[in-house]
Structure formats: C-alpha cells, structure tokens
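Text of the file start-v7.cif, holding mmCIF, C-alpha atoms:
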data_final
loop_
_atom_site.label_atom_id
_atom_site.label_comp_id
_atom_site.auth_asym_id
_atom_site.auth_seq_id
_atom_site.Cartn_x
_atom_site.Cartn_y
_atom_site.Cartn_z
CA MET A 1 0.00 0.00 0.00
CA GLU A 2 2.83 2.39 0.92
CA ASP A 3 4.63 1.61 -2.35
CA LYS A 4 1.43 2.29 -4.28
CA LYS A 5 1.04 5.70 -2.59
CA LYS A 6 4.63 6.58 -3.45
CA SER A 7 4.12 5.47 -7.05
CA THR A 8 0.94 7.55 -7.33
CA ALA A 9 2.64 10.60 -5.81
CA TYR A 10 5.57 10.30 -8.21
CA SER A 11 3.25 9.90 -11.19
CA MET A 12 1.32 12.97 -10.07
CA PHE A 13 4.60 14.91 -9.85
CA VAL A 14 5.53 13.93 -13.42
CA ILE A 15 2.08 14.80 -14.79
CA GLY A 16 2.12 18.04 -12.76
CA SER A 17 5.33 18.97 -14.59
CA LEU A 18 3.53 18.44 -17.89
CA PHE A 19 0.55 20.55 -16.79
CA PHE A 20 3.07 23.27 -15.95
CA VAL A 21 4.22 23.11 -19.58
CA PHE A 22 0.58 23.19 -20.77
CA GLY A 23 -0.02 26.41 -18.87
CA PHE A 24 3.24 28.08 -19.84
CA VAL A 25 2.60 27.55 -23.55
CA THR A 26 -1.20 27.98 -23.62
CA TRP A 27 -1.54 31.31 -21.86
CA LEU A 28 1.22 32.99 -23.88
CA ASN A 29 -1.53 33.63 -26.46
CA ASN A 30 -2.67 36.43 -24.15
CA ILE A 31 0.54 38.32 -25.02
CA LEU A 32 0.96 37.02 -28.57
CA ILE A 33 -2.34 38.54 -29.75
CA PRO A 34 -1.31 42.22 -29.22
CA TYR A 35 2.25 41.36 -30.31
CA MET A 36 1.07 39.87 -33.62
CA ARG A 37 -1.32 42.78 -34.17
CA THR A 38 1.62 45.17 -34.14
CA SER A 39 4.51 43.18 -35.63
CA CYS A 40 2.40 41.62 -38.43
CA GLU A 41 0.29 44.77 -38.94
CA LEU A 42 -3.12 43.14 -38.42
CA THR A 43 -6.10 45.43 -38.90
CA THR A 44 -9.22 43.72 -37.46
CA GLU A 45 -10.32 41.97 -34.25
CA VAL A 46 -10.91 38.69 -36.09
CA GLN A 47 -7.40 38.63 -37.55
CA GLY A 48 -5.89 38.84 -34.06
CA TYR A 49 -7.94 35.92 -32.78
CA PHE A 50 -6.53 33.62 -35.45
CA VAL A 51 -3.76 33.22 -32.86
CA THR A 52 -6.16 31.30 -30.62
CA PHE A 53 -7.79 29.64 -33.64
CA ALA A 54 -4.51 28.19 -34.96
CA PHE A 55 -3.54 26.96 -31.49
CA TYR A 56 -6.84 25.38 -30.44
CA ILE A 57 -7.96 24.01 -33.82
CA ALA A 58 -5.05 21.58 -33.50
CA TYR A 59 -6.94 19.85 -30.67
CA PHE A 60 -9.84 19.17 -33.04
CA VAL A 61 -7.62 17.90 -35.83
CA MET A 62 -5.17 15.85 -33.77
CA SER A 63 -7.10 14.41 -30.80
CA ILE A 64 -8.48 11.28 -32.48
CA PRO A 65 -5.14 10.52 -34.16
CA SER A 66 -3.57 11.04 -30.73
CA SER A 67 -5.69 8.26 -29.24
CA PHE A 68 -4.44 5.84 -31.91
CA VAL A 69 -0.85 6.99 -31.39
CA LEU A 70 -1.18 6.28 -27.65
CA LYS A 71 -2.43 2.76 -28.35
CA LYS A 72 0.75 2.12 -30.33
CA THR A 73 3.27 3.98 -28.17
CA GLY A 74 1.86 3.81 -24.65
CA TYR A 75 1.44 6.84 -22.41
CA GLY A 76 5.10 7.60 -21.64
CA ASN A 77 6.35 7.47 -25.24
CA GLY A 78 3.26 9.35 -26.42
CA MET A 79 3.94 12.17 -23.99
CA ALA A 80 7.58 12.36 -25.14
CA LEU A 81 6.44 12.55 -28.78
CA GLY A 82 4.03 15.35 -27.89
CA LEU A 83 6.87 17.36 -26.35
CA VAL A 84 9.00 16.89 -29.50
CA ILE A 85 6.16 18.19 -31.70
CA MET A 86 5.77 21.21 -29.41
CA ALA A 87 9.51 21.90 -29.67
CA ILE A 88 9.26 21.90 -33.48
CA GLY A 89 6.35 24.35 -33.21
CA CYS A 90 8.44 26.68 -31.05
CA MET A 91 11.27 26.52 -33.59
CA MET A 92 8.86 27.71 -36.29
CA PHE A 93 8.73 31.08 -34.52
CA ILE A 94 12.33 31.78 -35.61
CA PRO A 95 11.69 31.88 -39.38
CA GLY A 96 8.32 33.46 -38.59
CA ALA A 97 10.09 36.33 -36.82
CA LYS A 98 12.80 36.68 -39.47
CA MET A 99 10.22 36.91 -42.26
CA ARG A 100 7.55 38.64 -40.15
CA SER A 101 5.20 36.02 -41.54
CA TYR A 102 1.86 35.70 -39.75
CA PRO A 103 1.08 32.35 -41.48
CA MET A 104 4.45 30.98 -40.26
CA PHE A 105 3.65 32.02 -36.70
CA LEU A 106 0.22 30.41 -37.01
CA LEU A 107 1.81 27.18 -38.28
CA GLY A 108 4.09 27.18 -35.24
CA LEU A 109 1.08 27.68 -32.96
CA PHE A 110 -0.76 24.83 -34.72
CA LEU A 111 2.20 22.49 -34.11
CA GLN A 112 2.38 23.54 -30.46
CA GLY A 113 -1.33 22.81 -30.12
CA SER A 114 -0.83 19.44 -31.87
CA GLY A 115 1.83 18.42 -29.37
CA LEU A 116 -0.34 19.58 -26.50
CA SER A 117 -3.26 17.59 -27.91
CA LEU A 118 -1.22 14.40 -27.64
CA LEU A 119 -0.06 15.33 -24.13
CA GLN A 120 -3.57 16.20 -22.96
CA THR A 121 -5.09 13.05 -24.43
CA ALA A 122 -2.61 11.02 -22.38
CA SER A 123 -2.45 13.01 -19.16
CA ASN A 124 -6.09 13.88 -18.38
CA PRO A 125 -7.43 10.30 -18.14
CA PHE A 126 -4.24 9.40 -16.28
CA VAL A 127 -5.08 11.96 -13.57
CA THR A 128 -8.74 10.90 -13.51
CA VAL A 129 -8.28 7.13 -13.13
CA ILE A 130 -5.13 7.06 -11.00
CA GLY A 131 -7.32 7.39 -7.89
CA PRO A 132 -11.00 7.33 -6.81
CA ILE A 133 -13.36 8.99 -9.32
CA GLU A 134 -15.07 10.88 -6.44
CA SER A 135 -11.88 12.87 -5.81
CA ALA A 136 -10.88 13.30 -9.46
CA ALA A 137 -11.85 16.98 -9.36
CA ARG A 138 -9.39 17.50 -6.52
CA ARG A 139 -6.52 15.90 -8.42
CA MET A 140 -7.38 17.86 -11.54
CA SER A 141 -7.48 21.03 -9.44
CA VAL A 142 -3.90 20.31 -8.35
CA MET A 143 -2.98 19.99 -12.03
CA GLY A 144 -4.84 23.23 -12.69
CA ILE A 145 -2.69 25.02 -10.12
CA CYS A 146 0.46 23.85 -11.93
CA ASN A 147 -1.09 25.04 -15.20
CA LYS A 148 -2.07 28.51 -14.01
CA VAL A 149 1.10 29.25 -12.05
CA ALA A 150 3.04 28.47 -15.23
CA GLY A 151 0.67 30.70 -17.21
CA MET A 152 1.32 33.66 -14.90
CA ILE A 153 5.08 33.15 -15.15
CA GLY A 154 4.87 32.79 -18.93
CA ILE A 155 2.82 35.96 -19.43
CA LEU A 156 5.22 38.06 -17.35
CA ILE A 157 8.33 36.61 -19.02
CA LEU A 158 7.02 36.97 -22.57
CA TYR A 159 5.66 40.48 -21.97
CA ASN A 160 9.06 41.61 -20.68
CA ALA A 161 10.77 39.97 -23.65
CA LEU A 162 8.45 41.47 -26.27
CA PHE A 163 7.17 44.77 -24.88
CA ALA A 164 9.14 45.97 -21.84
CA GLY A 165 11.22 49.03 -22.76
CA LYS A 166 9.75 49.05 -26.27
CA GLU A 167 6.81 51.38 -25.64
CA GLN A 168 8.43 54.18 -27.65
CA LEU A 169 9.32 51.77 -30.46
CA ILE A 170 5.68 50.64 -30.69
CA GLU A 171 4.46 54.27 -30.72
CA ASN A 172 6.99 55.11 -33.45
CA ILE A 173 5.74 52.15 -35.50
CA LYS A 174 2.16 53.34 -35.21
CA MET A 175 3.08 56.87 -36.28
CA ALA A 176 5.62 56.06 -39.02
CA PRO A 177 4.59 56.11 -42.69
CA ALA A 178 5.15 53.01 -44.80
CA GLY A 179 8.74 52.66 -45.90
CA PRO A 180 12.17 51.23 -45.06
CA GLU A 181 12.35 52.97 -41.66
CA LYS A 182 9.05 51.48 -40.51
CA GLU A 183 10.06 48.05 -41.85
CA ALA A 184 13.27 48.20 -39.82
CA MET A 185 11.35 49.06 -36.64
CA LEU A 186 8.85 46.26 -37.26
CA GLN A 187 11.71 43.81 -37.77
CA GLN A 188 13.30 44.92 -34.50
CA LEU A 189 10.06 44.23 -32.66
CA SER A 190 9.56 40.91 -34.44
CA ASN A 191 13.05 39.65 -33.56
CA GLY A 192 12.21 39.95 -29.86
CA VAL A 193 10.36 36.61 -29.97
CA ILE A 194 13.38 34.56 -31.11
CA VAL A 195 15.31 34.15 -27.85
CA PRO A 196 12.26 33.25 -25.67
CA TYR A 197 11.17 30.55 -28.10
CA LEU A 198 14.68 29.15 -28.45
CA ILE A 199 14.77 28.76 -24.67
CA MET A 200 11.33 27.12 -24.70
CA THR A 201 12.57 24.66 -27.33
CA ALA A 202 15.51 23.68 -25.13
CA VAL A 203 13.25 23.22 -22.09
CA LEU A 204 10.86 21.00 -24.05
CA ILE A 205 13.71 18.78 -25.25
CA ALA A 206 14.95 18.49 -21.65
CA LEU A 207 11.46 17.40 -20.61
CA VAL A 208 11.52 14.67 -23.27
CA LEU A 209 14.52 13.17 -21.48
CA PHE A 210 12.73 13.53 -18.13
CA ILE A 211 9.63 11.69 -19.36
CA LYS A 212 11.71 8.94 -20.98
CA THR A 213 13.40 8.21 -17.66
CA ALA A 214 10.26 8.59 -15.48
CA HIS A 215 8.84 5.10 -16.30
CA LEU A 216 5.19 6.04 -15.79
CA PRO A 217 2.82 3.11 -15.19
CA GLU A 218 0.47 2.25 -18.05
CA ILE A 219 -3.29 2.59 -17.56
CA ILE A 220 -5.12 -0.70 -18.17
CA GLU A 221 -8.89 -0.42 -18.48
CA GLU A 222 -11.24 -3.38 -18.27
CA GLU A 223 -13.38 -4.04 -21.30
CA LYS A 224 -16.95 -2.88 -20.75
CA THR A 225 -19.65 -5.50 -21.35
CA VAL A 226 -23.39 -5.80 -20.77
CA ASP A 227 -24.76 -9.35 -20.45
CA GLY A 228 -21.54 -10.64 -21.93
CA HIS A 229 -21.64 -8.33 -24.97
CA LYS A 230 -19.18 -5.53 -25.73
CA THR A 231 -20.58 -2.06 -25.32
CA SER A 232 -20.29 0.72 -27.88
CA ILE A 233 -19.12 4.26 -27.19
CA PHE A 234 -22.59 5.29 -28.40
CA ASN A 235 -24.09 3.59 -25.34
CA TYR A 236 -23.02 6.58 -23.28
CA PRO A 237 -24.92 9.72 -24.40
CA TYR A 238 -23.74 11.55 -21.27
CA MET A 239 -20.17 11.30 -22.57
CA TRP A 240 -21.07 12.98 -25.86
CA LEU A 241 -22.95 15.70 -24.00
CA GLY A 242 -19.87 16.14 -21.81
CA VAL A 243 -17.71 16.64 -24.90
CA LEU A 244 -19.93 19.57 -25.91
CA ALA A 245 -19.76 20.93 -22.35
CA ILE A 246 -15.95 20.99 -22.60
CA PHE A 247 -16.28 22.85 -25.94
CA PHE A 248 -18.34 25.61 -24.36
CA TYR A 249 -16.25 25.72 -21.19
CA VAL A 250 -12.90 26.14 -22.99
CA GLY A 251 -14.40 28.76 -25.30
CA ALA A 252 -15.60 30.75 -22.28
CA GLU A 253 -12.28 30.41 -20.44
CA VAL A 254 -10.22 31.55 -23.43
CA ILE A 255 -12.50 34.52 -24.08
CA ALA A 256 -12.36 35.57 -20.41
CA ILE A 257 -8.53 35.70 -20.47
CA ASP A 258 -7.25 36.26 -24.01
CA THR A 259 -9.56 39.22 -24.70
CA LEU A 260 -8.49 41.19 -21.61
CA ILE A 261 -5.69 43.23 -23.22
CA PRO A 262 -7.87 44.29 -26.20
CA TYR A 263 -10.70 45.02 -23.75
CA GLY A 264 -8.34 47.26 -21.80
CA ASP A 265 -7.45 49.01 -25.07
CA TYR A 266 -11.17 49.58 -25.63
CA TYR A 267 -11.22 51.70 -22.48
CA GLY A 268 -7.90 53.40 -23.22
CA ILE A 269 -5.80 51.40 -20.75
CA PRO A 270 -2.17 51.09 -21.99
CA THR A 271 -0.69 47.63 -22.60
CA ALA A 272 1.92 48.29 -19.89
CA VAL A 273 -1.00 48.08 -17.43
CA SER A 274 -3.43 45.75 -19.20
CA HIS A 275 -0.88 42.96 -19.70
CA TYR A 276 -1.28 42.26 -15.97
CA PHE A 277 -4.99 41.54 -16.44
CA GLY A 278 -4.21 38.04 -17.73
CA VAL A 279 -2.06 37.40 -14.67
CA TYR A 280 -4.89 38.58 -12.38
CA ALA A 281 -7.28 36.23 -14.19
CA LEU A 282 -4.90 33.30 -13.71
CA ILE A 283 -4.60 34.22 -10.01
CA ALA A 284 -8.40 34.08 -9.84
CA LEU A 285 -8.27 30.63 -11.46
CA LEU A 286 -5.62 29.60 -8.97
CA VAL A 287 -7.80 30.66 -6.02
CA GLY A 288 -10.69 28.72 -7.55
CA TYR A 289 -8.57 25.58 -7.86
CA ILE A 290 -7.43 25.89 -4.24
CA CYS A 291 -11.08 26.14 -3.17
CA GLY A 292 -11.76 23.00 -5.20
CA ILE A 293 -8.98 21.14 -3.41
CA LEU A 294 -10.22 22.27 0.01
CA PHE A 295 -13.96 21.73 -0.43
CA VAL A 296 -14.51 19.09 -3.17
CA PRO A 297 -15.68 16.45 -2.37
CA LYS A 298 -15.35 16.84 1.44
CA VAL A 299 -17.86 19.69 1.77
CA ILE A 300 -19.62 19.77 -1.60
CA SER A 301 -19.80 17.37 -4.53
CA GLN A 302 -18.01 18.31 -7.74
CA ARG A 303 -21.36 18.52 -9.59
CA HIS A 304 -22.95 20.89 -7.08
CA ALA A 305 -19.80 23.02 -7.06
CA LEU A 306 -20.10 23.23 -10.85
CA ILE A 307 -23.70 24.45 -10.64
CA ILE A 308 -22.84 27.13 -8.06
CA GLN A 309 -19.92 28.41 -10.14
CA LEU A 310 -22.12 28.54 -13.24
CA LEU A 311 -24.61 30.76 -11.43
CA LEU A 312 -21.74 32.98 -10.26
CA SER A 313 -20.52 33.23 -13.86
CA VAL A 314 -23.91 34.44 -15.05
CA VAL A 315 -23.92 37.11 -12.33
CA LEU A 316 -20.42 38.30 -13.26
CA VAL A 317 -21.16 38.56 -16.99
CA THR A 318 -24.35 40.48 -16.17
CA VAL A 319 -22.31 42.90 -14.06
CA ALA A 320 -19.74 43.28 -16.85
CA LEU A 321 -22.45 44.08 -19.41
CA MET A 322 -24.32 46.52 -17.15
CA THR A 323 -21.19 48.48 -16.17
CA SER A 324 -18.17 49.89 -18.01
CA GLY A 325 -14.51 50.68 -17.54
CA ILE A 326 -12.54 49.14 -14.71
CA VAL A 327 -15.63 47.67 -12.98
CA SER A 328 -16.56 45.74 -16.12
CA ILE A 329 -12.95 44.59 -16.56
CA ILE A 330 -12.79 43.36 -12.94
CA ALA A 331 -15.98 41.37 -13.49
CA ILE A 332 -14.45 39.64 -16.53
CA ILE A 333 -11.24 38.92 -14.58
CA CYS A 334 -13.28 37.39 -11.74
CA LEU A 335 -14.96 35.05 -14.23
CA SER A 336 -11.79 32.97 -14.10
CA PHE A 337 -12.47 32.17 -10.43
CA ALA A 338 -15.88 30.84 -11.40
CA HIS A 339 -14.38 28.87 -14.31
CA ALA A 340 -11.85 27.03 -12.12
CA ILE A 341 -14.10 24.12 -11.09
CA MET A 342 -15.63 23.59 -14.53
CA TRP A 343 -12.95 21.48 -16.24
CA PRO A 344 -12.27 19.34 -13.12
CA ALA A 345 -16.01 18.74 -12.63
CA ILE A 346 -17.11 18.19 -16.23
CA TRP A 347 -14.34 15.72 -17.07
CA PRO A 348 -15.09 13.00 -14.45
CA LEU A 349 -18.86 13.37 -14.99
CA ALA A 350 -18.34 12.72 -18.70
CA ILE A 351 -15.90 9.77 -18.62
CA ARG A 352 -17.15 7.83 -15.59
CA ASP A 353 -17.72 4.08 -16.03
CA LEU A 354 -16.43 3.97 -19.62
CA GLY A 355 -13.93 1.16 -19.05
CA ASN A 356 -11.92 0.45 -22.21
CA HIS A 357 -13.66 3.38 -23.94
CA THR A 358 -11.90 5.85 -21.62
CA GLU A 359 -8.94 6.46 -23.95
CA PHE A 360 -11.13 7.24 -26.97
CA ALA A 361 -13.50 9.35 -24.87
CA SER A 362 -10.50 11.29 -23.60
CA ALA A 363 -9.49 12.02 -27.19
CA LEU A 364 -13.00 13.33 -27.90
CA MET A 365 -12.88 15.51 -24.79
CA VAL A 366 -9.52 16.93 -25.80
CA MET A 367 -10.90 17.49 -29.32
CA ALA A 368 -13.59 19.65 -27.74
CA ILE A 369 -10.88 22.11 -26.68
CA VAL A 370 -11.50 23.45 -30.19
CA GLY A 371 -14.04 25.66 -28.41
CA GLY A 372 -11.00 27.83 -27.68
CA ALA A 373 -10.55 28.26 -31.45
CA ILE A 374 -14.16 28.83 -32.48
CA MET A 375 -15.68 30.96 -29.74
CA PRO A 376 -13.01 33.71 -29.68
CA LEU A 377 -13.52 34.10 -33.45
CA VAL A 378 -17.26 34.48 -32.86
CA TYR A 379 -16.45 37.00 -30.12
CA GLY A 380 -14.20 38.85 -32.59
CA HIS A 381 -16.94 39.01 -35.22
CA ILE A 382 -19.41 40.39 -32.67
CA ALA A 383 -16.78 42.88 -31.46
CA ASP A 384 -16.18 44.07 -35.04
CA ALA A 385 -19.92 44.33 -35.70
CA VAL A 386 -20.94 45.92 -32.37
CA ASN A 387 -18.15 46.43 -29.80
CA ARG A 388 -15.90 44.46 -27.45
CA HIS A 389 -18.13 45.18 -24.46
CA ALA A 390 -21.36 43.77 -25.91
CA ALA A 391 -19.54 40.74 -27.35
CA TYR A 392 -19.23 39.23 -23.85
CA ALA A 393 -22.95 38.36 -24.00
CA LEU A 394 -21.78 35.34 -26.02
CA LEU A 395 -20.71 33.74 -22.73
CA PHE A 396 -24.34 33.23 -21.69
CA VAL A 397 -24.60 30.55 -24.40
CA SER A 398 -21.74 28.60 -22.82
CA TYR A 399 -23.14 28.77 -19.31
CA ALA A 400 -26.65 27.77 -20.40
CA TYR A 401 -25.41 24.58 -22.04
CA ILE A 402 -23.03 23.61 -19.22
CA PHE A 403 -25.89 24.14 -16.74
CA PHE A 404 -27.99 21.71 -18.79
CA PHE A 405 -25.20 19.13 -18.67
CA ALA A 406 -24.65 19.56 -14.92
CA THR A 407 -28.34 19.15 -14.09
CA VAL A 408 -29.75 16.80 -16.74
CA GLY A 409 -27.24 15.76 -19.40
CA TYR A 410 -24.78 13.92 -17.17
CA LYS A 411 -27.50 11.38 -16.23
CA ILE A 412 -28.58 10.42 -19.74
CA GLU A 413 -27.63 6.82 -20.54
CA ARG A 414 -28.77 4.34 -23.17
CA LYS A 415 -30.32 1.34 -21.47
#
Just give me the structure of the file as structure tokens.
Amino acid sequence: MEDKKKSTAYSMFVIGSLFFVFGFVTWLNNILIPYMRTSCELTTEVQGYFVTFAFYIAYFVMSIPSSFVLKKTGYGNGMALGLVIMAIGCMMFIPGAKMRSYPMFLLGLFLQGSGLSLLQTASNPFVTVIGPIESAARRMSVMGICNKVAGMIGILILYNALFAGKEQLIENIKMAPAGPEKEAMLQQLSNGVIVPYLIMTAVLIALVLFIKTAHLPEIIEEEKTVDGHKTSIFNYPYMWLGVLAIFFYVGAEVIAIDTLIPYGDYYGIPTAVSHYFGVYALIALLVGYICGILFVPKVISQRHALIIQLLLSVVLVTVALMTSGIVSIIAIICLSFAHAIMWPAIWPLAIRDLGNHTEFASALMVMAIVGGAIMPLVYGHIADAVNRHAAYALLFVSYAYIFFFATVGYKIERK
C-alpha cells in the first residue's frame, strides 16, 4: 500500500510537470495577440484571434489521431512525442520572426497545439483514473494550479521579452509612414520573440529526457460489457454531452482571459497596465482551484460546485455588461475564479464508467478544446460588428449549455 502511494505521488509529480508546460505555452496567447497585431500589422479583431484559432484548432484535428498513437506507443512514449512536436512548433517562430510572416507564426502555434493535444489526451485520463473517481476533481485542481502558475510566469516573461522598454518603439511604429524605416522598426520588434522561443525549445527537449526516464505506469482499463456483450461508445450519451460541455467551457475560459488586453485598449488602458490583467485572471483561477482542493468532495460534490460556479458566472457577466470601464474589466477577470471548477467537474462526470472506452473518450474531450478556437472568433466578429463590451454576452450561451449538462445531461444513458 505504501509503495502504491509513493508510485501515485511520483506519477502525479511527473504529470504536474507536464501541466506546468501546458499552462506556460497555452496562456502565452494572451501576449501574442497584441504582439502579432503590431509586428504583423493586423487590422481587425478577427485577424488577431486567429492566434487562438490556430492553437486550439489543433486539438480538433489531432485528438483522435492522438488516441491511436497512444495505443501504439503507450502513455510515456506518447507524452515524449508530444513534447518533440511542441519543440518543433516553437522553432517555427524563428523563421516566422525573421520573415515577419503571420502564417508561419500560425503554423508554429498549430504544431504547439498538436503536441499539447497528444499530451492532454494522455495526461487527463491518467489523472482521472489514477485514484477514486469521487476525488478526481481535486486531483485535476492540483494539475490546474500547476497550469495557471506556469501561465502567470509565462505571461510576465514573454511580456518583458516582447514589450518591456519598447513602448516608444511601438508608438513610433504606429506613427511612421510606410517605408524602409518602418520596416526596420517592425523587424526589430519581431526579432524579440526569437530568444524566448529558443529557450522554450531547449526546455521541451529536456522534458523529453525527463519523461523517458520517469517510467510512468500504463493505464489498463477493463473491457466494458453488458450481459456478456461488448458495449459501444454510443451507449453513453452523457459522454457525448460532456464533450460539448468541454467545448463551451474552454471557449468561455479563453474569451475571459485572451480578450483582456484588447478590452483594456477599448477603455484606453495602456498595454503596460493591461498585460497584468491576464495574470490577475490566472490568479483568480488559482484561487478557484485551491477552493476546489479544500472543499470538493469533502464539503460539496463536484457537480454541485459546478452548478454554483455557473450561477456565479452568469452574475459576473451580467455585471460586466451593465457596467463599463474598470468595474466591467474586474468582473471579466473574476470570471476565471468561477471557471476554475468547470474542467475538473465536467471531465469525471463525462468519462465515468467507460472502461476500455476511456482512452477514446479522452481524445474526444480533448478534441472539444476546439471551443477555444471557435468561440473567440465568434467574439471577434461580434466585437467588429458591435463592440468588445457587448460581445461578452456570447458567454451566456456557454453557461446555459453547461448548466444543462450539470443538471440533466450527465444522467442520460442508453439502457
């Protein structure tokens, strides 16, 4: 028993390291959006949100292939492969910066998302089934803390690398007429991304070696049968409804964080101040995860916690829409606290009792992260058509569906 606890703790440490990587890479989009707008001379809201689209669409494209890769490679080798793909994606930022090519940057982001898709497909079910399903939300909250702490560190590091001390350069770029002088200034700004992404590449390669020597245990699921017959993945409607819940959750979470700098711009807040908004949102997420660890499931079940946080989310969006300026911004930042329990609660509700279908279901759940690609684009279209303030009403759609899943959808089974 003692050896099993030590093995579980070590496995959690290894997976926690990977979730740290997830957060560091994922939340850099918060800084990359304003950076790309300037260095690649983007002109509309929608163009900027192709940063999130390129990154998150990879989950949709690669998740099912990832499940087949894991069947061939096993979890440890699959995770190592995912890290290698991410490293290649980071390397793509070097020619992207040299050529100031937005498509090249987007290709790099797609590859990073592809590697993360493989990592997420392996790591999320690992965290869920490594212990009792009733406390899965707590374990996933621990992983969430690793993710968000890394995100805060990543935002601050990348902002300092790309923007700190370059405020005058950015103003000069905005004021300069087209010509060789402006091109030179744009190239200077673009080159700032090279060193950070070279360092990230080296770190990812080092993590490959760490994973290869970690010797993680393989997850073996029993084959699900009913009256001696194999079950189909279509026997579990609640799982499919859970996939859609993840889609809407990730879309809401990405909107609530990656739109904060442009929303600050909308109210005339300089980037030197607004770049901290993403950090504040991740702190709010962190506090939410800590609450999940403390109270779920000891005080409240993960499903009831999900319902309460959904109601809080509706209140916060209402406040954001009915106010303006810093009050509205604070309400959007606080949304991240309410979002914290959603992923940890939706995931175990959706993949419970799936047996040998767990791996494929995990791939579908990771595929649903594409919500982070689609919903910000919809937000951008609404922002272009109306304004950035009114576009947050889109979040009500997410919360309405997740509420349905948490109250009705999670119980629907095919008899």
Which of these, A:Val250, A:Val299, A:Val21, A:Ala164, has the shortest distance to Tyr56 (chain A) once you count all atoms listed in the file? A:Val250
Computed interatomic separation between CA of Val314 (chain A) and CA of Leu294 (chain A) (Å):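 So the two atoms, CA of Val314 (chain A) and CA of Leu294 (chain A), lie 23.7 Å apart.
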Within 10 Å of Ile246 (chain A) using all atoms listed in the file, minus same-chain residues under 6 positions, as an mmCIF file with C-alpha atoms, in the coordinates of the input:
data_model
loop_
_atom_site.group_PDB
_atom_site.id
_atom_site.type_symbol
_atom_site.label_atom_id
_atom_site.label_comp_id
_atom_site.auth_asym_id
_atom_site.auth_seq_id
_atom_site.Cartn_x
_atom_site.Cartn_y
_atom_site.Cartn_z
ATOM 1 C CA ALA A 252 -15.600 30.750 -22.280
ATOM 2 C CA MET A 342 -15.630 23.590 -14.530
ATOM 3 C CA TRP A 343 -12.950 21.480 -16.240
ATOM 4 C CA ILE A 346 -17.110 18.190 -16.230
ATOM 5 C CA TRP A 347 -14.340 15.720 -17.070
ATOM 6 C CA ALA A 350 -18.340 12.720 -18.700
ATOM 7 C CA LEU A 364 -13.000 13.330 -27.900
ATOM 8 C CA MET A 365 -12.880 15.510 -24.790
ATOM 9 C CA VAL A 366 -9.520 16.930 -25.800
ATOM 10 C CA MET A 367 -10.900 17.490 -29.320
ATOM 11 C CA ALA A 368 -13.590 19.650 -27.740
ATOM 12 C CA ILE A 369 -10.880 22.110 -26.680
ATOM 13 C CA VAL A 370 -11.500 23.450 -30.190
ATOM 14 C CA GLY A 371 -14.040 25.660 -28.410
ATOM 15 C CA GLY A 372 -11.000 27.830 -27.680
ATOM 16 C CA SER A 398 -21.740 28.600 -22.820
ATOM 17 C CA ILE A 402 -23.030 23.610 -19.220
#
Write out as a VMD selection string the residues lying within 10 Å of Gln302 (chain A), counting only C-alpha atoms and excluding same-chain residues fewer than 2 positions away. chain A and resid 134 to 138 292 295 to 300 304 to 307 341 to 342 344 to 346 348 to 349 406
Hits of the PyMOL selection byres ((chain A and resi 115) around 8) in this structure, as a VMD selection string: chain A and resid 81 to 86 111 to 114 116 to 119
Explicit residues for the PyMOL selection byres ((chain A and resi 91-103) around 9) (as an NGL selection string): :A and (36 or 39-40 or 86-90 or 104-109 or 111 or 186-187 or 189-195 or 197-198 or 200-201)
Taking all atoms listed in the file into account, name the residue in A:Lys72, A:Arg352, A:His389, A:Lys174 that is nearest to Lys411 (chain A). A:Arg352
Length of the CA of Cys334 (chain A) to CA of Leu286 (chain A) vector [Å]: 11.3 Å
Excluding Leu321 (chain A) and residues on its chain fewer than 4 positions from it, collect all residues at most 12 Å away from it, counting only C-alpha atoms, and give them as a list in words.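 Listed by chain and then number, they are Val314, Val315, Leu316, Val317, Gly325, Val327, Ser328, Ile329, Ile330, Ala331, Ile332, Asn387, Arg388, His389, Ala390, Ala391, Tyr392, Ala393, Leu394, Leu395 and Phe396 of chain A.
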Could you please take those selected residues and save C-alpha atoms as a compact mmCIF listing (two decimals), in the coordinates of the input?
# COMPACT_ATOMS: atom_id res chain seq x y z
CA VAL A 314 -23.91 34.44 -15.05
CA VAL A 315 -23.92 37.11 -12.33
CA LEU A 316 -20.42 38.30 -13.26
CA VAL A 317 -21.16 38.56 -16.99
CA GLY A 325 -14.51 50.68 -17.54
CA VAL A 327 -15.63 47.67 -12.98
CA SER A 328 -16.56 45.74 -16.12
CA ILE A 329 -12.95 44.59 -16.56
CA ILE A 330 -12.79 43.36 -12.94
CA ALA A 331 -15.98 41.37 -13.49
CA ILE A 332 -14.45 39.64 -16.53
CA ASN A 387 -18.15 46.43 -29.80
CA ARG A 388 -15.90 44.46 -27.45
CA HIS A 389 -18.13 45.18 -24.46
CA ALA A 390 -21.36 43.77 -25.91
CA ALA A 391 -19.54 40.74 -27.35
CA TYR A 392 -19.23 39.23 -23.85
CA ALA A 393 -22.95 38.36 -24.00
CA LEU A 394 -21.78 35.34 -26.02
CA LEU A 395 -20.71 33.74 -22.73
CA PHE A 396 -24.34 33.23 -21.69
Find the distance between CA of Phe24 (chain A) and CA of Ala54 (chain A) and write it in Å to one decimal. 17.0 Å
